[in-house]
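Colleague: Provided below: protein17.pdb, containing PDB, C-alpha atoms and all ligand atoms.
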ATOM      1  CA  MET A 183     -10.318  -7.851   2.824
ATOM      2  CA  THR A 184      -7.520  -7.459   5.353
ATOM      3  CA  LEU A 185      -7.366  -4.469   7.662
ATOM      4  CA  ARG A 186      -4.155  -3.359   5.990
ATOM      5  CA  ARG A 187      -5.601  -3.418   2.493
ATOM      6  CA  ALA A 188      -8.800  -1.649   3.551
ATOM      7  CA  ALA A 189      -6.879   1.037   5.427
ATOM      8  CA  ARG A 190      -4.610   1.552   2.429
ATOM      9  CA  ASP A 191      -7.209   1.591  -0.278
ATOM     10  CA  PRO A 192      -9.817   3.042  -0.147
ATOM     11  CA  GLY A 193      -8.875   4.216   3.375
ATOM     12  CA  PHE A 194     -12.506   3.738   4.482
ATOM     13  CA  PHE A 195     -14.069   0.580   5.933
ATOM     14  CA  TYR A 196     -16.943  -0.551   8.161
ATOM     15  CA  LEU A 197     -16.270  -1.700  11.706
ATOM     16  CA  GLU A 198     -18.837  -4.194  12.996
ATOM     17  CA  ASN A 199     -19.328  -5.921  16.362
ATOM     18  CA  THR A 200     -17.895  -2.939  18.233
ATOM     19  CA  GLY A 201     -19.802  -3.930  21.374
ATOM     20  CA  LEU A 202     -21.402  -0.481  21.374
ATOM     21  CA  ASP A 203     -25.064  -0.501  22.305
ATOM     22  CA  LEU A 204     -27.406  -0.049  19.326
ATOM     23  CA  GLY A 205     -30.000   1.648  21.548
ATOM     24  CA  GLN A 206     -27.368   4.150  22.656
ATOM     25  CA  GLN A 207     -26.562   4.921  19.025
ATOM     26  CA  SER A 208     -30.165   5.727  18.149
ATOM     27  CA  GLU A 209     -30.577   7.717  21.380
ATOM     28  CA  LEU A 210     -27.553   9.796  20.442
ATOM     29  CA  LEU A 211     -28.992  10.574  17.007
ATOM     30  CA  ALA A 212     -32.385  11.349  18.604
ATOM     31  CA  LEU A 213     -30.641  13.807  20.943
ATOM     32  CA  ALA A 214     -28.931  15.349  17.928
ATOM     33  CA  ALA A 215     -32.356  15.843  16.307
ATOM     34  CA  ARG A 216     -33.607  17.571  19.480
ATOM     35  CA  LEU A 217     -30.516  19.761  19.640
ATOM     36  CA  PHE A 218     -30.902  20.979  16.075
ATOM     37  CA  ALA A 219     -34.647  21.541  16.645
ATOM     38  CA  LEU A 220     -33.946  23.998  19.507
ATOM     39  CA  ASP A 221     -34.957  27.640  19.058
ATOM     40  CA  ASP A 222     -32.480  29.747  17.196
ATOM     41  CA  HIS A 223     -31.657  31.914  20.196
ATOM     42  CA  GLN A 224     -30.766  28.794  22.238
ATOM     43  CA  LYS A 225     -28.403  27.620  19.523
ATOM     44  CA  GLN A 226     -26.925  31.104  19.097
ATOM     45  CA  ALA A 227     -26.141  31.223  22.835
ATOM     46  CA  VAL A 228     -23.621  28.401  22.311
ATOM     47  CA  GLN A 229     -22.272  29.567  18.944
ATOM     48  CA  MET A 230     -18.692  28.525  18.266
ATOM     49  CA  VAL A 231     -17.625  32.083  17.562
ATOM     50  CA  HIS A 232     -17.792  32.641  21.343
ATOM     51  CA  SER A 233     -15.195  29.913  21.922
ATOM     52  CA  PRO A 234     -11.443  30.267  21.240
ATOM     53  CA  HIS A 235     -11.390  26.470  21.691
ATOM     54  CA  PHE A 236     -13.617  25.743  18.666
ATOM     55  CA  ARG A 237     -16.479  24.374  20.766
ATOM     56  CA  GLY A 238     -20.166  24.830  20.175
ATOM     57  CA  TYR A 239     -22.760  25.375  17.488
ATOM     58  CA  ASN A 240     -22.409  26.489  13.868
ATOM     59  CA  ARG A 241     -25.415  27.350  11.746
ATOM     60  CA  VAL A 242     -25.877  26.152   8.159
ATOM     61  CA  GLY A 243     -23.348  27.849   5.874
ATOM     62  CA  ALA A 244     -21.063  29.071   8.696
ATOM     63  CA  GLU A 245     -18.337  26.518   8.002
ATOM     64  CA  LEU A 246     -16.194  26.621   4.881
ATOM     65  CA  THR A 247     -14.582  23.739   3.003
ATOM     66  CA  ARG A 248     -12.407  24.660   0.015
ATOM     67  CA  ALA A 249     -13.515  28.238   0.719
ATOM     68  CA  ARG A 250     -17.180  27.379   0.012
ATOM     69  CA  PRO A 251     -19.965  27.207   2.601
ATOM     70  CA  ASP A 252     -21.118  23.785   3.810
ATOM     71  CA  TRP A 253     -24.868  23.225   3.931
ATOM     72  CA  ARG A 254     -24.884  21.689   7.404
ATOM     73  CA  GLU A 255     -25.353  22.768  10.984
ATOM     74  CA  GLN A 256     -23.177  21.217  13.629
ATOM     75  CA  PHE A 257     -22.244  21.040  17.274
ATOM     76  CA  ASP A 258     -18.666  20.317  18.358
ATOM     77  CA  ILE A 259     -17.178  19.143  21.611
ATOM     78  CA  MET A 260     -13.707  18.003  22.612
ATOM     79  CA  ALA A 261     -12.248  16.947  25.942
ATOM     80  CA  GLU A 262     -13.822  18.863  28.845
ATOM     81  CA  GLU A 263     -10.821  20.720  30.255
ATOM     82  CA  PRO A 264      -9.947  24.124  31.688
ATOM     83  CA  CYS A 265      -8.128  26.424  29.262
ATOM     84  CA  LEU A 266      -4.446  27.071  29.832
ATOM     85  CA  PRO A 267      -3.538  30.302  31.639
ATOM     86  CA  ASP A 268      -2.003  32.976  29.379
ATOM     87  CA  ALA A 269       1.454  32.567  30.934
ATOM     88  CA  LEU A 270       1.551  28.945  29.741
ATOM     89  CA  LEU A 271       0.451  29.693  26.179
ATOM     90  CA  HIS A 272       3.430  29.523  23.818
ATOM     91  CA  GLN A 273       1.863  28.138  20.655
ATOM     92  CA  PRO A 274      -1.499  29.104  19.108
ATOM     93  CA  TRP A 275      -2.653  25.468  19.054
ATOM     94  CA  GLN A 276      -2.473  25.331  22.857
ATOM     95  CA  ARG A 277      -5.670  27.383  22.821
ATOM     96  CA  LEU A 278      -7.502  24.366  21.418
ATOM     97  CA  GLN A 279      -7.637  23.141  25.007
ATOM     98  CA  GLY A 280     -10.598  24.445  26.985
ATOM     99  CA  PRO A 281     -14.165  23.855  28.166
ATOM    100  CA  ASN A 282     -17.100  22.839  25.988
ATOM    101  CA  LEU A 283     -20.243  24.915  25.508
ATOM    102  CA  TRP A 284     -23.538  23.206  26.402
ATOM    103  CA  PRO A 285     -27.067  24.383  25.576
ATOM    104  CA  SER A 286     -29.005  24.888  28.817
ATOM    105  CA  ALA A 287     -32.230  23.691  27.161
ATOM    106  CA  LEU A 288     -30.856  20.174  26.631
ATOM    107  CA  PRO A 289     -29.077  19.183  29.854
ATOM    108  CA  GLU A 290     -28.948  15.467  28.993
ATOM    109  CA  LEU A 291     -26.706  16.180  26.002
ATOM    110  CA  ARG A 292     -23.568  16.640  28.096
ATOM    111  CA  GLY A 293     -23.482  13.178  29.683
ATOM    112  CA  ALA A 294     -24.586  11.404  26.515
ATOM    113  CA  LEU A 295     -22.044  13.053  24.225
ATOM    114  CA  LEU A 296     -19.105  12.932  26.637
ATOM    115  CA  GLY A 297     -19.964   9.271  27.336
ATOM    116  CA  TRP A 298     -20.002   8.477  23.608
ATOM    117  CA  GLN A 299     -16.709  10.315  23.142
ATOM    118  CA  ALA A 300     -15.114   8.305  25.967
ATOM    119  CA  GLN A 301     -16.307   5.000  24.499
ATOM    120  CA  LEU A 302     -15.141   5.844  20.998
ATOM    121  CA  THR A 303     -11.770   6.907  22.365
ATOM    122  CA  LEU A 304     -11.340   3.336  23.615
ATOM    123  CA  VAL A 305     -12.404   1.929  20.223
ATOM    124  CA  GLY A 306      -9.965   4.306  18.484
ATOM    125  CA  LEU A 307      -7.091   3.359  20.794
ATOM    126  CA  THR A 308      -7.734  -0.351  20.153
ATOM    127  CA  LEU A 309      -7.944   0.192  16.430
ATOM    128  CA  ILE A 310      -4.713   2.151  16.180
ATOM    129  CA  ARG A 311      -2.862  -0.734  17.841
ATOM    130  CA  SER A 312      -4.245  -2.982  15.098
ATOM    131  CA  PHE A 313      -3.059  -0.516  12.463
ATOM    132  CA  ALA A 314       0.401  -0.628  14.062
ATOM    133  CA  GLU A 315       0.495  -4.430  13.909
ATOM    134  CA  THR A 316      -0.768  -4.550  10.364
ATOM    135  CA  LEU A 317       2.166  -2.289   9.415
ATOM    136  CA  ALA A 318       4.575  -4.750  11.108
ATOM    137  CA  GLN A 319       5.217  -2.363  14.018
ATOM    138  CA  ALA A 320       5.092  -2.954  17.756
ATOM    139  CA  ALA A 321       1.473  -2.595  18.861
ATOM    140  CA  ASP A 322       2.458   0.289  21.131
ATOM    141  CA  VAL A 323       4.338   2.311  18.488
ATOM    142  CA  PHE A 324       1.774   5.149  18.684
ATOM    143  CA  ASP A 325       1.374   5.033  22.473
ATOM    144  CA  GLU A 326       3.904   7.744  23.222
ATOM    145  CA  SER A 327       1.923  10.188  21.076
ATOM    146  CA  LEU A 328      -1.402   9.136  22.603
ATOM    147  CA  SER A 329      -0.677   8.950  26.333
ATOM    148  CA  PRO A 330      -2.248   9.714  28.663
ATOM    149  CA  LEU A 331      -5.076  10.640  26.279
ATOM    150  CA  PRO A 332      -5.254  11.755  22.655
ATOM    151  CA  TYR A 333      -6.871  14.969  21.455
ATOM    152  CA  ARG A 334     -10.411  13.959  20.589
ATOM    153  CA  HIS A 335     -13.244  15.777  18.920
ATOM    154  CA  THR A 336     -16.882  14.802  18.482
ATOM    155  CA  LYS A 337     -19.239  16.529  16.086
ATOM    156  CA  LEU A 338     -23.022  16.166  15.782
ATOM    157  CA  ILE A 339     -24.108  17.109  12.276
ATOM    158  CA  HIS A 340     -27.395  17.904  10.555
ATOM    159  CA  TYR A 341     -27.625  18.115   6.760
ATOM    160  CA  PRO A 342     -30.968  19.693   5.811
ATOM    161  CA  GLY A 343     -32.299  18.658   2.411
ATOM    162  CA  ARG A 344     -32.733  21.121  -0.448
ATOM    163  CA  HIS A 345     -32.903  21.397  -4.230
ATOM    164  CA  GLU A 346     -31.031  24.590  -4.966
ATOM    165  CA  GLY A 347     -27.349  25.289  -4.386
ATOM    166  CA  ASP A 348     -24.267  23.308  -5.326
ATOM    167  CA  GLY A 349     -25.122  20.217  -3.252
ATOM    168  CA  GLN A 350     -22.169  20.746  -0.881
ATOM    169  CA  GLY A 351     -23.234  19.268   2.479
ATOM    170  CA  VAL A 352     -19.563  19.236   3.335
ATOM    171  CA  GLY A 353     -16.995  19.777   0.607
ATOM    172  CA  ALA A 354     -14.184  17.373  -0.298
ATOM    173  CA  HIS A 355     -11.665  17.141   2.535
ATOM    174  CA  LYS A 356      -9.339  14.864   4.503
ATOM    175  CA  ASP A 357      -9.646  14.493   8.257
ATOM    176  CA  PRO A 358      -6.630  15.875  10.124
ATOM    177  CA  GLY A 359      -6.245  13.345  12.981
ATOM    178  CA  TYR A 360      -5.120   9.711  13.121
ATOM    179  CA  LEU A 361      -8.554   8.228  12.455
ATOM    180  CA  THR A 362     -12.271   8.993  12.335
ATOM    181  CA  LEU A 363     -15.218   6.862  13.488
ATOM    182  CA  LEU A 364     -18.528   7.846  11.947
ATOM    183  CA  LEU A 365     -22.071   7.043  13.029
ATOM    184  CA  GLN A 366     -24.655   7.770  10.317
ATOM    185  CA  ASP A 367     -28.439   7.684  10.476
ATOM    186  CA  SER A 368     -30.270   5.750   7.758
ATOM    187  CA  HIS A 369     -29.733   8.392   5.052
ATOM    188  CA  GLY A 370     -26.795   8.164   2.675
ATOM    189  CA  GLY A 371     -24.905  11.070   1.191
ATOM    190  CA  LEU A 372     -21.311  10.419   2.198
ATOM    191  CA  GLU A 373     -19.026   9.815  -0.788
ATOM    192  CA  VAL A 374     -15.391   8.727  -0.944
ATOM    193  CA  LEU A 375     -13.001   9.469  -3.803
ATOM    194  CA  THR A 376     -11.708   6.148  -5.169
ATOM    195  CA  GLU A 377     -10.091   5.204  -8.468
ATOM    196  CA  GLN A 378     -13.639   4.748  -9.762
ATOM    197  CA  GLY A 379     -14.525   8.351  -8.879
ATOM    198  CA  TRP A 380     -16.892   9.511  -6.115
ATOM    199  CA  THR A 381     -18.245   6.342  -4.490
ATOM    200  CA  PRO A 382     -21.107   6.243  -1.948
ATOM    201  CA  ALA A 383     -20.320   4.987   1.577
ATOM    202  CA  PRO A 384     -23.897   4.248   2.691
ATOM    203  CA  PRO A 385     -24.898   3.714   6.326
ATOM    204  CA  ARG A 386     -24.823   0.143   7.627
ATOM    205  CA  ALA A 387     -26.964  -0.520  10.706
ATOM    206  CA  GLY A 388     -24.864  -1.148  13.800
ATOM    207  CA  ALA A 389     -21.553  -0.483  12.030
ATOM    208  CA  LEU A 390     -19.236   2.475  12.375
ATOM    209  CA  LEU A 391     -17.438   3.761   9.320
ATOM    210  CA  VAL A 392     -13.700   4.149   9.915
ATOM    211  CA  ASN A 393     -11.451   6.381   7.881
ATOM    212  CA  ILE A 394      -7.767   7.143   7.947
ATOM    213  CA  GLY A 395      -6.709  10.683   8.816
ATOM    214  CA  GLU A 396      -3.707  12.752   7.755
ATOM    215  CA  LEU A 397      -1.603  11.821  10.803
ATOM    216  CA  LEU A 398      -1.648   8.112   9.844
ATOM    217  CA  GLU A 399      -0.794   9.032   6.268
ATOM    218  CA  LEU A 400       2.146  11.050   7.607
ATOM    219  CA  ALA A 401       3.300   8.298  10.007
ATOM    220  CA  SER A 402       3.240   5.661   7.263
ATOM    221  CA  ASN A 403       4.813   7.904   4.597
ATOM    222  CA  GLY A 404       1.676   7.560   2.537
ATOM    223  CA  TYR A 405       1.323   3.768   2.830
ATOM    224  CA  LEU A 406      -2.032   4.358   4.520
ATOM    225  CA  LYS A 407      -4.171   6.956   2.883
ATOM    226  CA  ALA A 408      -6.223   9.873   4.163
ATOM    227  CA  THR A 409      -8.875   9.734   1.484
ATOM    228  CA  LEU A 410     -10.836  12.708   0.228
ATOM    229  CA  HIS A 411     -14.522  12.485   1.099
ATOM    230  CA  ARG A 412     -17.582  14.726   0.978
ATOM    231  CA  VAL A 413     -21.283  14.716   1.816
ATOM    232  CA  VAL A 414     -23.880  15.535  -0.811
ATOM    233  CA  THR A 415     -26.923  17.489   0.373
ATOM    234  CA  PRO A 416     -30.007  15.275   0.738
ATOM    235  CA  PRO A 417     -33.118  16.019  -1.331
ATOM    236  CA  PRO A 418     -35.780  18.394   0.055
ATOM    237  CA  GLY A 419     -37.776  16.827   2.886
ATOM    238  CA  VAL A 420     -34.893  14.593   3.992
ATOM    239  CA  SER A 421     -32.767  15.498   6.996
ATOM    240  CA  ARG A 422     -29.551  13.559   7.474
ATOM    241  CA  LEU A 423     -27.918  13.258  10.897
ATOM    242  CA  SER A 424     -24.458  11.938  11.686
ATOM    243  CA  CYS A 425     -21.947  11.937  14.509
ATOM    244  CA  ALA A 426     -18.243  12.036  13.659
ATOM    245  CA  PHE A 427     -15.540  11.212  16.203
ATOM    246  CA  PHE A 428     -12.033  12.352  15.285
ATOM    247  CA  MET A 429      -9.062  10.970  17.202
ATOM    248  CA  ALA A 430      -5.719  12.730  16.823
ATOM    249  CA  ALA A 431      -2.755  12.385  19.165
ATOM    250  CA  ARG A 432      -1.758  14.607  22.094
ATOM    251  CA  LEU A 433      -1.587  18.170  20.800
ATOM    252  CA  ASP A 434       2.024  18.551  21.963
ATOM    253  CA  ALA A 435       3.084  15.271  20.329
ATOM    254  CA  THR A 436       4.945  14.784  17.056
ATOM    255  CA  VAL A 437       3.758  12.052  14.731
ATOM    256  CA  PRO A 438       6.170   9.090  14.828
ATOM    257  CA  LEU A 439       7.710   8.225  11.468
ATOM    258  CA  LEU A 440       7.421   4.461  11.082
ATOM    259  CA  THR A 441      10.142   2.347   9.536
ATOM    260  CA  LEU A 442       8.191  -0.016   7.347
ATOM    261  CA  PRO A 443       9.548  -3.429   6.313
ATOM    262  CA  PRO A 444      10.918  -3.338   2.725
ATOM    263  CA  ALA A 445       7.872  -5.065   1.216
ATOM    264  CA  LEU A 446       5.599  -2.327   2.543
ATOM    265  CA  ALA A 447       8.074   0.539   2.192
ATOM    266  CA  THR A 448       8.256   0.032  -1.576
ATOM    267  CA  GLU A 449       4.496   0.482  -1.697
ATOM    268  CA  ALA A 450       4.498   3.673   0.393
ATOM    269  CA  ARG A 451       3.338   6.436  -1.898
ATOM    270  CA  GLY A 452       5.004   9.289  -0.060
ATOM    271  CA  LEU A 453       2.944  12.291   0.881
ATOM    272  CA  GLN A 454       0.702  13.967  -1.630
ATOM    273  CA  SER A 455       1.709  17.582  -1.735
ATOM    274  CA  ASP A 456      -1.243  19.912  -1.825
ATOM    275  CA  PRO A 457      -0.401  23.620  -1.561
ATOM    276  CA  ASP A 458      -3.918  24.233  -0.219
ATOM    277  CA  ASN A 459      -3.419  21.683   2.535
ATOM    278  CA  PRO A 460       0.107  21.499   3.987
ATOM    279  CA  LEU A 461       0.577  18.590   6.402
ATOM    280  CA  PHE A 462       2.245  19.113   9.784
ATOM    281  CA  TYR A 463       3.957  16.439  11.883
ATOM    282  CA  GLN A 464       3.359  18.541  14.968
ATOM    283  CA  VAL A 465      -0.118  17.408  15.981
ATOM    284  CA  GLY A 466      -1.401  20.694  17.396
ATOM    285  CA  GLU A 467      -0.346  22.543  14.243
ATOM    286  CA  ASN A 468      -2.093  20.038  11.999
ATOM    287  CA  VAL A 469      -5.310  20.130  14.012
ATOM    288  CA  LEU A 470      -5.370  23.928  14.311
ATOM    289  CA  LYS A 471      -4.725  24.330  10.565
ATOM    290  CA  GLY A 472      -7.997  22.527   9.803
ATOM    291  CA  ARG A 473      -9.972  24.414  12.426
ATOM    292  CA  LEU A 474      -8.802  27.869  11.308
ATOM    293  CA  ARG A 475      -9.589  27.070   7.690
ATOM    294  CA  SER A 476     -13.077  25.733   8.456
ATOM    295  CA  HIS A 477     -14.093  28.453  10.910
ATOM    296  CA  PRO A 478     -12.882  31.864   9.688
ATOM    297  CA  ASP A 479     -15.159  33.670  12.162
ATOM    298  CA  VAL A 480     -13.440  31.969  15.126
ATOM    299  CA  ALA A 481     -10.048  32.609  13.482
ATOM    300  CA  ALA A 482     -10.795  36.325  13.041
ATOM    301  CA  ARG A 483     -12.140  36.828  16.541
ATOM    302  CA  HIS A 484      -9.677  34.743  18.564
ATOM    303  CA  TYR A 485      -6.549  34.075  16.486
ATOM    304  CA  ALA A 486      -5.918  37.354  14.653
ATOM    305  CA  THR A 487      -3.324  38.688  17.106
ATOM    306  CA  PRO A 488      -0.168  36.718  17.885
ATOM    307  CA  LEU A 489       0.279  35.366  21.399
ATOM    308  CA  ALA A 490       2.306  37.624  23.674
ATOM    309  CA  THR A 491       4.246  34.560  24.867
ATOM    310  CA  ALA A 492       4.598  32.851  21.462
ATOM    311  CA  SER A 493       7.699  30.924  20.447
ATOM    312  CA  ALA A 494       8.658  29.803  16.917
ATOM    313  CA  PRO A 495       6.664  26.886  15.475
ATOM    314  CA  THR A 496       8.396  23.526  15.343
ATOM    315  CA  GLY A 497       9.777  22.148  12.078
ATOM    316  CA  PRO A 498       9.421  18.569  10.781
ATOM    317  CA  PRO A 499      11.187  15.819  12.756
ATOM    318  CA  SER A 500      14.759  15.141  11.626
TER     319      SER A 500
HETATM  320  O1  LIG B 601     -21.359  13.489   8.070
HETATM  321  C1  LIG B 601     -20.663  12.657   7.500
HETATM  322  O2  LIG B 601     -21.119  11.610   7.027
HETATM  323  C2  LIG B 601     -19.180  12.881   7.331
HETATM  324  C3  LIG B 601     -18.692  14.147   7.962
HETATM  325  C4  LIG B 601     -17.250  14.417   7.734
HETATM  326  O3  LIG B 601     -16.608  13.879   6.874
HETATM  327  C5  LIG B 601     -16.556  15.386   8.607
HETATM  328  O4  LIG B 601     -17.222  16.138   9.343
HETATM  329  O5  LIG B 601     -15.303  15.406   8.603
HETATM  330 FE    FE B 602     -14.465  14.125   7.249
END
Show how you would write the structure in this file as structure tokens.

Modeller:
Amino acid sequence: MTLRRAARDPGFFYLENTGLDLGQQSELLALAARLFALDDHQKQAVQMVHSPHFRGYNRVGAELTRARPDWREQFDIMAEEPCLPDALLHQPWQRLQGPNLWPSALPELRGALLGWQAQLTLVGLTLIRSFAETLAQAADVFDESLSPLPYRHTKLIHYPGRHEGDGQGVGAHKDPGYLTLLLQDSHGGLEVLTEQGWTPAPPRAGALLVNIGELLELASNGYLKATLHRVVTPPPGVSRLSCAFFMAARLDATVPLLTLPPALATEARGLQSDPDNPLFYQVGENVLKGRLRSHPDVAARHYATPLATASAPTGPPS
């Protein structure tokens, strides 16, 4: 199947021969297992609710998808950067920038996870050039929105098994960035909504699963598709681990609107309007939308009052 067809339908595909070290992949998942096995008080010390930048740990049930709790615990990092001083904050999404939180009991996590994030950023940047070419665009058509570095977000995830409940490991959602690269352990559970209904996307040793995010759907006027996906809770006694890497564009960038050649333009589906999930061309707005919805505790603590220096949000590009 060509890259273009796979990225269009189902919007999920496996990427093999990435050159990434297999040993490094299992070490990363082993570190994730050690992180989630830490004492509760160590995990609570780096809880995301302490971070206006959406960094850190969330216990099982803390995150919401479609207003329902997800049965997963998770640890999120983004680029390691200082936060912006108040005088430079004009838009709420500028507060996404800031430092990560690291558990003191697992010092090796920092280097391993930041290293993985840096490597996957390079994979993502290579891949998006291929998406550009497959849409008959110049390979660098996304560069302006990505330089010098895109907004990137890495999440370690643990889905504990159980019988009871509604089976929502993570509820049906689309990813808000350009693309996502997923490393799974050997346990399945991820499902993708295709024309055939919910379809498993099982782990494949050594391969990363790629999926299209909302920003690529926006850029291509719906030619490429951000596909709904979810994770079903594993059975009791099984613990599933994964690591998701989300690559957006620079937070202050606007998604470029591609002019597709006629043969592709006629197949562009336009954007699916979903009142529960408005799409924003302004990258920071689109990313922050997803974060506020998923983490109401962070929203309530850090985003309830408007910024003193706020200016009006930007509209769609003309
Ligand atoms: O854990 C997985 O397999 C997928 C997670 C996911 O879709 C997400 O966090 O956006
Ligand atoms: Fe996702």

Colleague: Output the neighbourhood of ligand LIG 601 (chain B) as a ChimeraX atom specification, that is, all protein and nucleic acid residues with some atom at most 10 Å from the ligand, counting all atoms listed in the file.

Modeller: /A:254,256,336-341,351-358,362-367,369-374,383-385,391,393,395,410-414,422-428

Colleague: Write out as JSON, numbers by chain the residues lying within 12 Å of Leu400 in chain A, counting only C-alpha atoms and excluding same-chain residues fewer than 3 positions away.

Modeller: {"A": [358, 359, 360, 394, 395, 396, 397, 403, 404, 405, 406, 407, 408, 436, 437, 438, 439, 440, 441, 450, 451, 452, 453, 454, 455, 460, 461, 462, 463, 464, 465, 468, 498, 499]}

Colleague: How far is it from CA of Asp456 in chain A to CA of Glu377 in chain A, in Å with one decimal?

Modeller: 18.4 Å

Colleague: Please write the residues picked by the PyMOL selection byres (((chain A and resi 329) around 12) and not hetatm) on this file as a count of residues only.

Modeller: 19

Colleague: Might you pull out every residue within 8 Å of Glu255 in chain A, with all atoms listed in the file counted and same-chain residues fewer than 6 positions away left off, and present them as a ChimeraX atom specification?

Modeller: /A:218,239-244,339-341

Colleague: Excluding same-chain residues fewer than 2 positions from range 476-479 of chain A, what lies within 7 Å of it counting only C-alpha atoms, as an mmCIF file with C-alpha atoms, keeping the file's coordinate frame?

Modeller:
data_model
loop_
_atom_site.group_PDB
_atom_site.id
_atom_site.type_symbol
_atom_site.label_atom_id
_atom_site.label_comp_id
_atom_site.auth_asym_id
_atom_site.auth_seq_id
_atom_site.Cartn_x
_atom_site.Cartn_y
_atom_site.Cartn_z
ATOM 1 C CA VAL A 231 -17.625 32.083 17.562
ATOM 2 C CA GLU A 245 -18.337 26.518 8.002
ATOM 3 C CA LEU A 246 -16.194 26.621 4.881
ATOM 4 C CA THR A 247 -14.582 23.739 3.003
ATOM 5 C CA GLY A 472 -7.997 22.527 9.803
ATOM 6 C CA ARG A 473 -9.972 24.414 12.426
ATOM 7 C CA LEU A 474 -8.802 27.869 11.308
ATOM 8 C CA ALA A 481 -10.048 32.609 13.482
ATOM 9 C CA ALA A 482 -10.795 36.325 13.041
ATOM 10 C CA ARG A 483 -12.140 36.828 16.541
#

Colleague: Rank nothing, just name the residue among A:Arg386, A:Asp458, A:Leu361, A:Leu220 nearest to ligand FE 602 (chain B), using all atoms listed in the file.

Modeller: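 Ranking A:Arg386, A:Asp458, A:Leu361, A:Leu220 by distance to ligand FE 602 (chain B), first place goes to A:Leu361.
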
Colleague: Return the single residue from A:His223, A:Val420, A:His335, A:Ala486 that is closest to ligand FE 602 (chain B), with distances computed using all atoms listed in the file.

Modeller: A:His335

Colleague: Would you please work out which residue, of A:Ala387, A:Leu202, A:Ala219, A:Ala188, is nearest to Ala287 in chain A when using only C-alpha atoms?

Modeller: A:Ala219

Colleague: Could you name the residues that touch His232 in chain A at 10 Å or less, counting all atoms listed in the file, but leaving out those on the same chain fewer than 3 positions away, as a PyMOL selection string?

Modeller: chain A and resi 226-229+235-239+283+479-480+483-484

Colleague: With all atoms listed in the file as the atoms that count, which of A:Val392, A:Val305, A:Leu213, A:Met230 lies nearest to ligand FE 602 (chain B)?

Modeller: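 For ligand FE 602 (chain B), the nearest of the given residues is A:Val392.
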
Colleague: If I take CA of Gln207 in chain A and CA of Ala321 in chain A, how far is one from the other in Å, to one decimal?

Modeller: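 CA of Gln207 in chain A sits 29.0 Å away from CA of Ala321 in chain A.
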
Colleague: Residues at most 7 Å from Gly280 in chain A, counting all atoms listed in the file, excluding those fewer than 6 positions away in the same chain, as an NGL selection string?

Modeller: :A and (235 or 262-265)

Colleague: Would you save the residues from that selection as a compact mmCIF listing (two decimals), in the coordinates of the input, using C-alpha atoms?

Modeller:
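Wrote it out as out.txt, contents follow:
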# COMPACT_ATOMS: atom_id res chain seq x y z
CA HIS A 235 -11.39 26.47 21.69
CA GLU A 262 -13.82 18.86 28.84
CA GLU A 263 -10.82 20.72 30.26
CA PRO A 264 -9.95 24.12 31.69
CA CYS A 265 -8.13 26.42 29.26

Colleague: From the set A:Ala314, A:Phe194, A:Gln206, A:Leu266, which residue has the shortest atom-to-atom contact distance to ligand FE 602 (chain B), counting all atoms listed in the file?

Modeller: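 Answer, going by the shortest atom-to-atom distance: A:Phe194.
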
Colleague: What gap, in Å, lies between CA of Leu390 in chain A and CA of Leu446 in chain A?

Modeller: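 These two atoms are separated by 27.1 Å.
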
Colleague: Please write the residues picked by the PyMOL selection byres (((chain A and resi 343) around 8) and not hetatm) on this file as a ChimeraX atom specification.

Modeller: /A:341-342,344-345,415-422

Colleague: Find, counting only C-alpha atoms, the residue in A:Leu296, A:Met429, A:Ala447, A:Leu288 that gets nearest to Thr308 in chain A.

Modeller: A:Met429
